[in-house]
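Text of the file final-v4.txt, holding compact mmCIF, N, CA and C atoms:
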# COMPACT_ATOMS: atom_id res chain seq x y z
N MET A 1 -1.04 -62.65 57.30
CA MET A 1 0.08 -62.25 56.48
C MET A 1 -0.41 -61.59 55.19
N ARG A 2 -1.46 -62.14 54.63
CA ARG A 2 -2.00 -61.59 53.40
C ARG A 2 -2.58 -60.20 53.66
N GLY A 3 -3.19 -60.00 54.82
CA GLY A 3 -3.75 -58.70 55.18
C GLY A 3 -2.66 -57.63 55.30
N ALA A 4 -1.49 -58.01 55.82
CA ALA A 4 -0.39 -57.06 55.95
C ALA A 4 0.12 -56.65 54.57
N ALA A 5 0.16 -57.57 53.62
CA ALA A 5 0.61 -57.25 52.27
C ALA A 5 -0.38 -56.29 51.59
N VAL A 6 -1.65 -56.54 51.79
CA VAL A 6 -2.67 -55.65 51.21
C VAL A 6 -2.55 -54.26 51.83
N LEU A 7 -2.35 -54.19 53.13
CA LEU A 7 -2.19 -52.90 53.80
C LEU A 7 -0.95 -52.17 53.29
N LEU A 8 0.14 -52.88 53.09
CA LEU A 8 1.35 -52.27 52.58
C LEU A 8 1.15 -51.72 51.17
N ILE A 9 0.45 -52.47 50.34
CA ILE A 9 0.16 -52.00 48.98
C ILE A 9 -0.71 -50.74 49.02
N LEU A 10 -1.70 -50.72 49.91
CA LEU A 10 -2.57 -49.54 50.03
C LEU A 10 -1.79 -48.31 50.51
N VAL A 11 -0.87 -48.50 51.44
CA VAL A 11 -0.07 -47.38 51.93
C VAL A 11 0.83 -46.86 50.82
N CYS A 12 1.45 -47.76 50.06
CA CYS A 12 2.30 -47.33 48.94
C CYS A 12 1.49 -46.60 47.87
N LEU A 13 0.29 -47.08 47.61
CA LEU A 13 -0.59 -46.43 46.65
C LEU A 13 -0.98 -45.03 47.13
N ALA A 14 -1.31 -44.91 48.40
CA ALA A 14 -1.67 -43.60 48.96
C ALA A 14 -0.48 -42.65 48.92
N ALA A 15 0.73 -43.14 49.19
CA ALA A 15 1.92 -42.28 49.13
C ALA A 15 2.18 -41.83 47.70
N THR A 16 1.94 -42.70 46.73
CA THR A 16 2.13 -42.33 45.33
C THR A 16 1.14 -41.26 44.91
N VAL A 17 -0.12 -41.43 45.27
CA VAL A 17 -1.14 -40.42 44.95
C VAL A 17 -0.80 -39.10 45.64
N PHE A 18 -0.33 -39.16 46.87
CA PHE A 18 0.06 -37.95 47.61
C PHE A 18 1.21 -37.24 46.90
N ALA A 19 2.21 -38.00 46.48
CA ALA A 19 3.38 -37.40 45.82
C ALA A 19 3.00 -36.78 44.48
N LEU A 20 2.12 -37.44 43.74
CA LEU A 20 1.72 -36.90 42.45
C LEU A 20 0.80 -35.68 42.60
N SER A 21 0.10 -35.57 43.72
CA SER A 21 -0.81 -34.45 43.95
C SER A 21 -0.10 -33.21 44.47
N ASN A 22 1.05 -33.37 45.10
CA ASN A 22 1.75 -32.25 45.72
C ASN A 22 3.08 -32.02 45.02
N THR A 23 3.04 -31.47 43.84
CA THR A 23 4.26 -31.23 43.07
C THR A 23 4.77 -29.80 43.22
N THR A 24 4.14 -29.01 44.06
CA THR A 24 4.55 -27.62 44.26
C THR A 24 5.97 -27.58 44.81
N THR A 25 6.76 -26.65 44.31
CA THR A 25 8.12 -26.48 44.79
C THR A 25 8.09 -25.63 46.05
N VAL A 26 8.77 -26.13 47.08
CA VAL A 26 8.85 -25.41 48.35
C VAL A 26 10.31 -25.28 48.75
N THR A 27 10.57 -24.32 49.62
CA THR A 27 11.91 -24.16 50.18
C THR A 27 11.81 -24.34 51.68
N VAL A 28 12.53 -25.32 52.19
CA VAL A 28 12.58 -25.56 53.63
C VAL A 28 13.80 -24.84 54.15
N MET A 29 13.58 -24.00 55.18
CA MET A 29 14.68 -23.18 55.70
C MET A 29 14.92 -23.50 57.17
N PHE A 30 16.16 -23.40 57.56
CA PHE A 30 16.57 -23.51 58.97
C PHE A 30 17.21 -22.19 59.31
N TRP A 31 16.58 -21.41 60.18
CA TRP A 31 16.87 -20.00 60.42
C TRP A 31 16.83 -19.27 59.10
N GLN A 32 17.96 -18.84 58.58
CA GLN A 32 17.94 -18.10 57.33
C GLN A 32 18.53 -18.90 56.17
N TRP A 33 18.97 -20.12 56.43
CA TRP A 33 19.63 -20.90 55.39
C TRP A 33 18.64 -21.87 54.74
N PRO A 34 18.59 -21.85 53.43
CA PRO A 34 17.72 -22.83 52.76
C PRO A 34 18.34 -24.23 52.83
N ILE A 35 17.59 -25.18 53.36
CA ILE A 35 18.06 -26.55 53.53
C ILE A 35 17.68 -27.39 52.32
N TYR A 36 16.46 -27.20 51.84
CA TYR A 36 15.93 -28.03 50.76
C TYR A 36 15.02 -27.20 49.88
N THR A 37 15.17 -27.35 48.59
CA THR A 37 14.25 -26.73 47.64
C THR A 37 13.82 -27.83 46.68
N GLY A 38 12.53 -28.13 46.69
CA GLY A 38 12.02 -29.20 45.83
C GLY A 38 10.56 -29.47 46.11
N SER A 39 10.13 -30.67 45.80
CA SER A 39 8.73 -31.06 45.91
C SER A 39 8.26 -31.07 47.36
N LEU A 40 7.04 -30.61 47.56
CA LEU A 40 6.42 -30.62 48.89
C LEU A 40 6.25 -32.06 49.39
N ALA A 41 5.88 -32.97 48.50
CA ALA A 41 5.67 -34.37 48.90
C ALA A 41 6.97 -34.97 49.42
N LEU A 42 8.09 -34.72 48.73
CA LEU A 42 9.37 -35.26 49.19
C LEU A 42 9.77 -34.66 50.54
N ALA A 43 9.47 -33.40 50.75
CA ALA A 43 9.79 -32.76 52.02
C ALA A 43 9.00 -33.41 53.16
N ILE A 44 7.71 -33.67 52.93
CA ILE A 44 6.89 -34.27 53.99
C ILE A 44 7.28 -35.73 54.23
N VAL A 45 7.46 -36.49 53.15
CA VAL A 45 7.86 -37.89 53.31
C VAL A 45 9.25 -37.98 53.94
N GLY A 46 10.15 -37.10 53.54
CA GLY A 46 11.49 -37.07 54.14
C GLY A 46 11.45 -36.76 55.62
N ALA A 47 10.58 -35.83 56.01
CA ALA A 47 10.44 -35.51 57.43
C ALA A 47 9.91 -36.72 58.20
N GLY A 48 8.98 -37.45 57.61
CA GLY A 48 8.46 -38.65 58.27
C GLY A 48 9.51 -39.73 58.43
N VAL A 49 10.30 -39.94 57.38
CA VAL A 49 11.37 -40.95 57.44
C VAL A 49 12.42 -40.53 58.47
N LEU A 50 12.78 -39.26 58.47
CA LEU A 50 13.76 -38.78 59.45
C LEU A 50 13.23 -38.94 60.88
N GLY A 51 11.96 -38.64 61.08
CA GLY A 51 11.36 -38.84 62.41
C GLY A 51 11.35 -40.30 62.83
N ALA A 52 11.06 -41.19 61.89
CA ALA A 52 11.06 -42.62 62.20
C ALA A 52 12.46 -43.09 62.56
N LEU A 53 13.46 -42.62 61.83
CA LEU A 53 14.85 -43.01 62.15
C LEU A 53 15.29 -42.46 63.50
N LEU A 54 14.90 -41.23 63.80
CA LEU A 54 15.28 -40.65 65.09
C LEU A 54 14.59 -41.35 66.26
N THR A 55 13.50 -42.05 65.98
CA THR A 55 12.82 -42.83 67.01
C THR A 55 13.39 -44.24 67.09
N PHE A 56 13.70 -44.82 65.94
CA PHE A 56 14.13 -46.21 65.87
C PHE A 56 15.57 -46.41 66.37
N LEU A 57 16.47 -45.55 65.97
CA LEU A 57 17.89 -45.75 66.30
C LEU A 57 18.16 -45.75 67.81
N PRO A 58 17.62 -44.83 68.60
CA PRO A 58 17.87 -44.92 70.04
C PRO A 58 17.26 -46.18 70.67
N SER A 59 16.17 -46.68 70.10
CA SER A 59 15.57 -47.88 70.67
C SER A 59 16.44 -49.11 70.42
N MET A 60 17.30 -49.05 69.43
CA MET A 60 18.19 -50.18 69.15
C MET A 60 19.14 -50.43 70.32
N ALA A 61 19.57 -49.38 70.99
CA ALA A 61 20.45 -49.56 72.16
C ALA A 61 19.71 -50.33 73.25
N ARG A 62 18.47 -50.01 73.47
CA ARG A 62 17.67 -50.72 74.48
C ARG A 62 17.47 -52.18 74.08
N HIS A 63 17.19 -52.43 72.80
CA HIS A 63 17.01 -53.80 72.32
C HIS A 63 18.30 -54.60 72.51
N ALA A 64 19.45 -54.00 72.21
CA ALA A 64 20.73 -54.69 72.38
C ALA A 64 20.96 -55.02 73.86
N HIS A 65 20.64 -54.07 74.74
CA HIS A 65 20.80 -54.32 76.17
C HIS A 65 19.91 -55.47 76.63
N LEU A 66 18.64 -55.46 76.21
CA LEU A 66 17.73 -56.52 76.62
C LEU A 66 18.12 -57.87 76.03
N HIS A 67 18.66 -57.88 74.81
CA HIS A 67 19.12 -59.12 74.20
C HIS A 67 20.29 -59.71 75.00
N GLY A 68 21.23 -58.86 75.40
CA GLY A 68 22.35 -59.32 76.21
C GLY A 68 21.89 -59.84 77.57
N ARG A 69 20.94 -59.17 78.17
CA ARG A 69 20.42 -59.62 79.47
C ARG A 69 19.71 -60.95 79.34
N LEU A 70 18.96 -61.14 78.26
CA LEU A 70 18.28 -62.40 78.03
C LEU A 70 19.28 -63.54 77.88
N ARG A 71 20.34 -63.31 77.12
CA ARG A 71 21.38 -64.34 76.95
C ARG A 71 22.03 -64.69 78.29
N ASP A 72 22.31 -63.67 79.11
CA ASP A 72 22.91 -63.90 80.42
C ASP A 72 21.98 -64.72 81.31
N LEU A 73 20.70 -64.40 81.32
CA LEU A 73 19.74 -65.15 82.14
C LEU A 73 19.58 -66.58 81.64
N GLU A 74 19.63 -66.78 80.32
CA GLU A 74 19.55 -68.14 79.79
C GLU A 74 20.77 -68.96 80.20
N ARG A 75 21.95 -68.35 80.18
CA ARG A 75 23.16 -69.04 80.62
C ARG A 75 23.08 -69.41 82.10
N ARG A 76 22.61 -68.46 82.90
CA ARG A 76 22.49 -68.73 84.34
C ARG A 76 21.47 -69.82 84.62
N LEU A 77 20.37 -69.84 83.89
CA LEU A 77 19.35 -70.87 84.06
C LEU A 77 19.90 -72.23 83.67
N ALA A 78 20.64 -72.29 82.56
CA ALA A 78 21.21 -73.57 82.13
C ALA A 78 22.23 -74.09 83.14
N ALA A 79 22.95 -73.19 83.81
CA ALA A 79 23.93 -73.62 84.81
C ALA A 79 23.25 -74.19 86.05
N HIS A 80 22.05 -73.73 86.37
CA HIS A 80 21.36 -74.20 87.57
C HIS A 80 20.52 -75.43 87.33
N GLN A 81 20.24 -75.76 86.08
CA GLN A 81 19.42 -76.93 85.81
C GLN A 81 20.27 -78.18 85.92
N THR A 82 19.70 -79.21 86.52
CA THR A 82 20.40 -80.49 86.63
C THR A 82 19.77 -81.45 85.65
N PRO A 83 20.55 -82.42 85.17
CA PRO A 83 19.96 -83.39 84.26
C PRO A 83 18.88 -84.20 84.97
N ALA A 84 17.82 -84.50 84.27
CA ALA A 84 16.70 -85.25 84.85
C ALA A 84 17.11 -86.70 85.07
N ALA A 85 16.68 -87.26 86.19
CA ALA A 85 16.96 -88.67 86.49
C ALA A 85 16.11 -89.53 85.58
N PRO A 86 16.65 -90.68 85.14
CA PRO A 86 15.84 -91.56 84.30
C PRO A 86 14.61 -92.05 85.06
N ALA A 87 13.51 -92.10 84.36
CA ALA A 87 12.24 -92.52 84.98
C ALA A 87 12.27 -94.01 85.25
N ALA A 88 11.70 -94.38 86.39
CA ALA A 88 11.63 -95.80 86.75
C ALA A 88 10.56 -96.47 85.89
N PRO A 89 10.81 -97.70 85.45
CA PRO A 89 9.81 -98.38 84.63
C PRO A 89 8.57 -98.68 85.46
N ASP A 90 7.42 -98.71 84.80
CA ASP A 90 6.17 -99.02 85.48
C ASP A 90 6.08 -100.52 85.69
N VAL A 91 6.43 -100.93 86.88
CA VAL A 91 6.35 -102.35 87.23
C VAL A 91 5.34 -102.46 88.36
N PRO A 92 4.29 -103.26 88.17
CA PRO A 92 3.30 -103.38 89.26
C PRO A 92 3.92 -104.11 90.45
N PRO A 93 3.44 -103.80 91.63
CA PRO A 93 3.96 -104.48 92.83
C PRO A 93 3.72 -105.99 92.72
N ALA A 94 4.57 -106.76 93.39
CA ALA A 94 4.46 -108.22 93.34
C ALA A 94 3.12 -108.66 93.91
N GLY A 95 2.51 -109.65 93.28
CA GLY A 95 1.26 -110.20 93.75
C GLY A 95 0.04 -109.48 93.22
N THR A 96 0.20 -108.43 92.38
CA THR A 96 -0.93 -107.70 91.83
C THR A 96 -1.29 -108.31 90.48
N PRO A 97 -2.55 -108.62 90.25
CA PRO A 97 -2.92 -109.19 88.94
C PRO A 97 -2.78 -108.12 87.85
N PRO A 98 -2.42 -108.54 86.63
CA PRO A 98 -2.27 -107.55 85.56
C PRO A 98 -3.61 -106.88 85.25
N ALA A 99 -3.56 -105.57 85.02
CA ALA A 99 -4.79 -104.81 84.73
C ALA A 99 -5.16 -105.01 83.27
N SER A 100 -6.46 -104.93 83.01
CA SER A 100 -6.90 -105.06 81.62
C SER A 100 -6.61 -103.75 80.90
N HIS A 101 -6.33 -103.85 79.61
CA HIS A 101 -6.01 -102.66 78.82
C HIS A 101 -7.30 -101.92 78.48
N THR A 102 -7.25 -100.60 78.62
CA THR A 102 -8.38 -99.75 78.25
C THR A 102 -7.98 -98.89 77.07
N SER A 103 -8.93 -98.14 76.56
CA SER A 103 -8.64 -97.30 75.39
C SER A 103 -7.63 -96.21 75.74
N THR A 104 -7.57 -95.78 77.00
CA THR A 104 -6.60 -94.75 77.37
C THR A 104 -5.20 -95.31 77.38
N ASP A 105 -5.03 -96.59 77.70
CA ASP A 105 -3.70 -97.19 77.68
C ASP A 105 -3.16 -97.26 76.26
N ILE A 106 -4.02 -97.51 75.28
CA ILE A 106 -3.58 -97.62 73.91
C ILE A 106 -3.08 -96.28 73.39
N GLY A 107 -3.70 -95.20 73.81
CA GLY A 107 -3.28 -93.87 73.38
C GLY A 107 -1.92 -93.48 73.92
N GLN A 108 -1.46 -94.14 74.98
CA GLN A 108 -0.19 -93.78 75.60
C GLN A 108 0.97 -94.62 75.09
N THR A 109 0.74 -95.55 74.21
CA THR A 109 1.83 -96.38 73.71
C THR A 109 2.63 -95.63 72.68
N ARG A 110 3.87 -96.02 72.52
CA ARG A 110 4.76 -95.40 71.55
C ARG A 110 4.81 -96.24 70.30
N ARG A 111 4.87 -95.57 69.18
CA ARG A 111 5.01 -96.28 67.92
C ARG A 111 6.49 -96.39 67.59
N LEU A 112 6.88 -97.53 67.05
CA LEU A 112 8.29 -97.77 66.78
C LEU A 112 8.63 -97.56 65.30
N TRP A 113 7.68 -97.28 64.46
CA TRP A 113 8.03 -97.10 63.06
C TRP A 113 7.95 -95.68 62.65
Produce structure tokens that represent the structure in this file.
Amino acid sequence: MRGAAVLLILVCLAATVFALSNTTTVTVMFWQWPIYTGSLALAIVGAGVLGALLTFLPSMARHAHLHGRLRDLERRLAAHQTPAAPAAPDVPPAGTPPASHTSTDIGQTRRLW
């Protein structure tokens, strides 16, 4: 987690240095119409953000579909599961001498406090 924070700080620092280094005014045109006139850094960062959004938003539909399918499968699984039968107590057969306790038996006991 700490490594991700350091990486995020480094990326923000690099973006700041990039923005301060590219202050040239540019005009972005679509066919013959000027769309944007301003800093080159903002144009490049804006294009990156727009590209990320155009990639992320369509994937949200797929995530919603998979989330709904997961919920449906969980409901179907819960409907098919039956409650577990209570476990029978460990009672040795009649006539068997009691076994001596070993260290493994002590590890299997339950604490009541």
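The interatomic distance for the pair atom C of A:Thr16 and atom C of A:Leu57 works out to 28.9 Å.
Taking only C-alpha atoms into account, A:Leu42 lies nearest to A:Leu20 out of the set A:Val11, A:Ala61, A:Leu66, A:Leu20.
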Looking only at the backbone, which of the residues in stretch 1-98 of chain A does DSSP tag as helix (DSSP H, G or I), as a compact mmCIF listing (two decimals) with N, CA and C atoms, keeping the file's coordinate frame?
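New file part11.txt:
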# COMPACT_ATOMS: atom_id res chain seq x y z
N ARG A 2 -1.46 -62.14 54.63
CA ARG A 2 -2.00 -61.59 53.40
C ARG A 2 -2.58 -60.20 53.66
N GLY A 3 -3.19 -60.00 54.82
CA GLY A 3 -3.75 -58.70 55.18
C GLY A 3 -2.66 -57.63 55.30
N ALA A 4 -1.49 -58.01 55.82
CA ALA A 4 -0.39 -57.06 55.95
C ALA A 4 0.12 -56.65 54.57
N ALA A 5 0.16 -57.57 53.62
CA ALA A 5 0.61 -57.25 52.27
C ALA A 5 -0.38 -56.29 51.59
N VAL A 6 -1.65 -56.54 51.79
CA VAL A 6 -2.67 -55.65 51.21
C VAL A 6 -2.55 -54.26 51.83
N LEU A 7 -2.35 -54.19 53.13
CA LEU A 7 -2.19 -52.90 53.80
C LEU A 7 -0.95 -52.17 53.29
N LEU A 8 0.14 -52.88 53.09
CA LEU A 8 1.35 -52.27 52.58
C LEU A 8 1.15 -51.72 51.17
N ILE A 9 0.45 -52.47 50.34
CA ILE A 9 0.16 -52.00 48.98
C ILE A 9 -0.71 -50.74 49.02
N LEU A 10 -1.70 -50.72 49.91
CA LEU A 10 -2.57 -49.54 50.03
C LEU A 10 -1.79 -48.31 50.51
N VAL A 11 -0.87 -48.50 51.44
CA VAL A 11 -0.07 -47.38 51.93
C VAL A 11 0.83 -46.86 50.82
N CYS A 12 1.45 -47.76 50.06
CA CYS A 12 2.30 -47.33 48.94
C CYS A 12 1.49 -46.60 47.87
N LEU A 13 0.29 -47.08 47.61
CA LEU A 13 -0.59 -46.43 46.65
C LEU A 13 -0.98 -45.03 47.13
N ALA A 14 -1.31 -44.91 48.40
CA ALA A 14 -1.67 -43.60 48.96
C ALA A 14 -0.48 -42.65 48.92
N ALA A 15 0.73 -43.14 49.19
CA ALA A 15 1.92 -42.28 49.13
C ALA A 15 2.18 -41.83 47.70
N THR A 16 1.94 -42.70 46.73
CA THR A 16 2.13 -42.33 45.33
C THR A 16 1.14 -41.26 44.91
N VAL A 17 -0.12 -41.43 45.27
CA VAL A 17 -1.14 -40.42 44.95
C VAL A 17 -0.80 -39.10 45.64
N PHE A 18 -0.33 -39.16 46.87
CA PHE A 18 0.06 -37.95 47.61
C PHE A 18 1.21 -37.24 46.90
N ALA A 19 2.21 -38.00 46.48
CA ALA A 19 3.38 -37.40 45.82
C ALA A 19 3.00 -36.78 44.48
N LEU A 20 2.12 -37.44 43.74
CA LEU A 20 1.72 -36.90 42.45
C LEU A 20 0.80 -35.68 42.60
N SER A 21 0.10 -35.57 43.72
CA SER A 21 -0.81 -34.45 43.95
C SER A 21 -0.10 -33.21 44.47
N LEU A 40 7.04 -30.61 47.56
CA LEU A 40 6.42 -30.62 48.89
C LEU A 40 6.25 -32.06 49.39
N ALA A 41 5.88 -32.97 48.50
CA ALA A 41 5.67 -34.37 48.90
C ALA A 41 6.97 -34.97 49.42
N LEU A 42 8.09 -34.72 48.73
CA LEU A 42 9.37 -35.26 49.19
C LEU A 42 9.77 -34.66 50.54
N ALA A 43 9.47 -33.40 50.75
CA ALA A 43 9.79 -32.76 52.02
C ALA A 43 9.00 -33.41 53.16
N ILE A 44 7.71 -33.67 52.93
CA ILE A 44 6.89 -34.27 53.99
C ILE A 44 7.28 -35.73 54.23
N VAL A 45 7.46 -36.49 53.15
CA VAL A 45 7.86 -37.89 53.31
C VAL A 45 9.25 -37.98 53.94
N GLY A 46 10.15 -37.10 53.54
CA GLY A 46 11.49 -37.07 54.14
C GLY A 46 11.45 -36.76 55.62
N ALA A 47 10.58 -35.83 56.01
CA ALA A 47 10.44 -35.51 57.43
C ALA A 47 9.91 -36.72 58.20
N GLY A 48 8.98 -37.45 57.61
CA GLY A 48 8.46 -38.65 58.27
C GLY A 48 9.51 -39.73 58.43
N VAL A 49 10.30 -39.94 57.38
CA VAL A 49 11.37 -40.95 57.44
C VAL A 49 12.42 -40.53 58.47
N LEU A 50 12.78 -39.26 58.47
CA LEU A 50 13.76 -38.78 59.45
C LEU A 50 13.23 -38.94 60.88
N GLY A 51 11.96 -38.64 61.08
CA GLY A 51 11.36 -38.84 62.41
C GLY A 51 11.35 -40.30 62.83
N ALA A 52 11.06 -41.19 61.89
CA ALA A 52 11.06 -42.62 62.20
C ALA A 52 12.46 -43.09 62.56
N LEU A 53 13.46 -42.62 61.83
CA LEU A 53 14.85 -43.01 62.15
C LEU A 53 15.29 -42.46 63.50
N LEU A 54 14.90 -41.23 63.80
CA LEU A 54 15.28 -40.65 65.09
C LEU A 54 14.59 -41.35 66.26
N THR A 55 13.50 -42.05 65.98
CA THR A 55 12.82 -42.83 67.01
C THR A 55 13.39 -44.24 67.09
N PHE A 56 13.70 -44.82 65.94
CA PHE A 56 14.13 -46.21 65.87
C PHE A 56 15.57 -46.41 66.37
N LEU A 57 16.47 -45.55 65.97
CA LEU A 57 17.89 -45.75 66.30
C LEU A 57 18.16 -45.75 67.81
N PRO A 58 17.62 -44.83 68.60
CA PRO A 58 17.87 -44.92 70.04
C PRO A 58 17.26 -46.18 70.67
N SER A 59 16.17 -46.68 70.10
CA SER A 59 15.57 -47.88 70.67
C SER A 59 16.44 -49.11 70.42
N MET A 60 17.30 -49.05 69.43
CA MET A 60 18.19 -50.18 69.15
C MET A 60 19.14 -50.43 70.32
N ALA A 61 19.57 -49.38 70.99
CA ALA A 61 20.45 -49.56 72.16
C ALA A 61 19.71 -50.33 73.25
N ARG A 62 18.47 -50.01 73.47
CA ARG A 62 17.67 -50.72 74.48
C ARG A 62 17.47 -52.18 74.08
N HIS A 63 17.19 -52.43 72.80
CA HIS A 63 17.01 -53.80 72.32
C HIS A 63 18.30 -54.60 72.51
N ALA A 64 19.45 -54.00 72.21
CA ALA A 64 20.73 -54.69 72.38
C ALA A 64 20.96 -55.02 73.86
N HIS A 65 20.64 -54.07 74.74
CA HIS A 65 20.80 -54.32 76.17
C HIS A 65 19.91 -55.47 76.63
N LEU A 66 18.64 -55.46 76.21
CA LEU A 66 17.73 -56.52 76.62
C LEU A 66 18.12 -57.87 76.03
N HIS A 67 18.66 -57.88 74.81
CA HIS A 67 19.12 -59.12 74.20
C HIS A 67 20.29 -59.71 75.00
N GLY A 68 21.23 -58.86 75.40
CA GLY A 68 22.35 -59.32 76.21
C GLY A 68 21.89 -59.84 77.57
N ARG A 69 20.94 -59.17 78.17
CA ARG A 69 20.42 -59.62 79.47
C ARG A 69 19.71 -60.95 79.34
N LEU A 70 18.96 -61.14 78.26
CA LEU A 70 18.28 -62.40 78.03
C LEU A 70 19.28 -63.54 77.88
N ARG A 71 20.34 -63.31 77.12
CA ARG A 71 21.38 -64.34 76.95
C ARG A 71 22.03 -64.69 78.29
N ASP A 72 22.31 -63.67 79.11
CA ASP A 72 22.91 -63.90 80.42
C ASP A 72 21.98 -64.72 81.31
N LEU A 73 20.70 -64.40 81.32
CA LEU A 73 19.74 -65.15 82.14
C LEU A 73 19.58 -66.58 81.64
N GLU A 74 19.63 -66.78 80.32
CA GLU A 74 19.55 -68.14 79.79
C GLU A 74 20.77 -68.96 80.20
N ARG A 75 21.95 -68.35 80.18
CA ARG A 75 23.16 -69.04 80.62
C ARG A 75 23.08 -69.41 82.10
N ARG A 76 22.61 -68.46 82.90
CA ARG A 76 22.49 -68.73 84.34
C ARG A 76 21.47 -69.82 84.62
N LEU A 77 20.37 -69.84 83.89
CA LEU A 77 19.35 -70.87 84.06
C LEU A 77 19.90 -72.23 83.67
N ALA A 78 20.64 -72.29 82.56
CA ALA A 78 21.21 -73.57 82.13
C ALA A 78 22.23 -74.09 83.14
N ALA A 79 22.95 -73.19 83.81
CA ALA A 79 23.93 -73.62 84.81
C ALA A 79 23.25 -74.19 86.05
N HIS A 80 22.05 -73.73 86.37
CA HIS A 80 21.36 -74.20 87.57
C HIS A 80 20.52 -75.43 87.33
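Atom C of A:Thr23 to atom CA of A:Leu50 spans 20.6 Å [interatomic distance, one decimal].
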| remark: From the list A:Val6, A:Leu54, A:Cys12, A:Leu40, the nearest residue to A:Thr24 using only N, CA and C atoms is A:Leu40
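As for atom CA of A:Ala47 and atom CA of A:Trp31, they are spaced 17.1 Å apart.
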| query | Looking only at the backbone, which of the residues in stretch 12-75 of chain A does DSSP tag as strand (DSSP E), as a ChimeraX atom specification? | reply | /A:25-30,33-39
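The closest residue to A:Ser21, picked from A:Ala41, A:Met60, A:Leu7, A:Pro34 and counting all atoms listed in the file, is A:Ala41.
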For a quick check of your reading of the model, name the residues lying within 6 Å of the coordinate (11.8, -27.8, 49.5), counting all atoms listed in the file, and write them as a PDB file with N, CA and C atoms, in the frame of the given file.
ATOM      1  N   THR A  25       6.760 -26.650  44.310  1.00  0.00           N
ATOM      2  CA  THR A  25       8.120 -26.480  44.790  1.00  0.00           C
ATOM      3  C   THR A  25       8.090 -25.630  46.050  1.00  0.00           C
ATOM      4  N   VAL A  26       8.770 -26.130  47.080  1.00  0.00           N
ATOM      5  CA  VAL A  26       8.850 -25.410  48.350  1.00  0.00           C
ATOM      6  C   VAL A  26      10.310 -25.280  48.750  1.00  0.00           C
ATOM      7  N   THR A  27      10.570 -24.320  49.620  1.00  0.00           N
ATOM      8  CA  THR A  27      11.910 -24.160  50.180  1.00  0.00           C
ATOM      9  C   THR A  27      11.810 -24.340  51.680  1.00  0.00           C
ATOM     10  N   VAL A  28      12.530 -25.320  52.190  1.00  0.00           N
ATOM     11  CA  VAL A  28      12.580 -25.560  53.630  1.00  0.00           C
ATOM     12  C   VAL A  28      13.800 -24.840  54.150  1.00  0.00           C
ATOM     13  N   TYR A  36      16.460 -27.200  51.840  1.00  0.00           N
ATOM     14  CA  TYR A  36      15.930 -28.030  50.760  1.00  0.00           C
ATOM     15  C   TYR A  36      15.020 -27.200  49.880  1.00  0.00           C
ATOM     16  N   THR A  37      15.170 -27.350  48.590  1.00  0.00           N
ATOM     17  CA  THR A  37      14.250 -26.730  47.640  1.00  0.00           C
ATOM     18  C   THR A  37      13.820 -27.830  46.680  1.00  0.00           C
ATOM     19  N   GLY A  38      12.530 -28.130  46.690  1.00  0.00           N
ATOM     20  CA  GLY A  38      12.020 -29.200  45.830  1.00  0.00           C
ATOM     21  C   GLY A  38      10.560 -29.470  46.110  1.00  0.00           C
ATOM     22  N   SER A  39      10.130 -30.670  45.800  1.00  0.00           N
ATOM     23  CA  SER A  39       8.730 -31.060  45.910  1.00  0.00           C
ATOM     24  C   SER A  39       8.260 -31.070  47.360  1.00  0.00           C
ATOM     25  N   LEU A  40       7.040 -30.610  47.560  1.00  0.00           N
ATOM     26  CA  LEU A  40       6.420 -30.620  48.890  1.00  0.00           C
ATOM     27  C   LEU A  40       6.250 -32.060  49.390  1.00  0.00           C
ATOM     28  N   ALA A  43       9.470 -33.400  50.750  1.00  0.00           N
ATOM     29  CA  ALA A  43       9.790 -32.760  52.020  1.00  0.00           C
ATOM     30  C   ALA A  43       9.000 -33.410  53.160  1.00  0.00           C
TER      31      ALA A  43
END
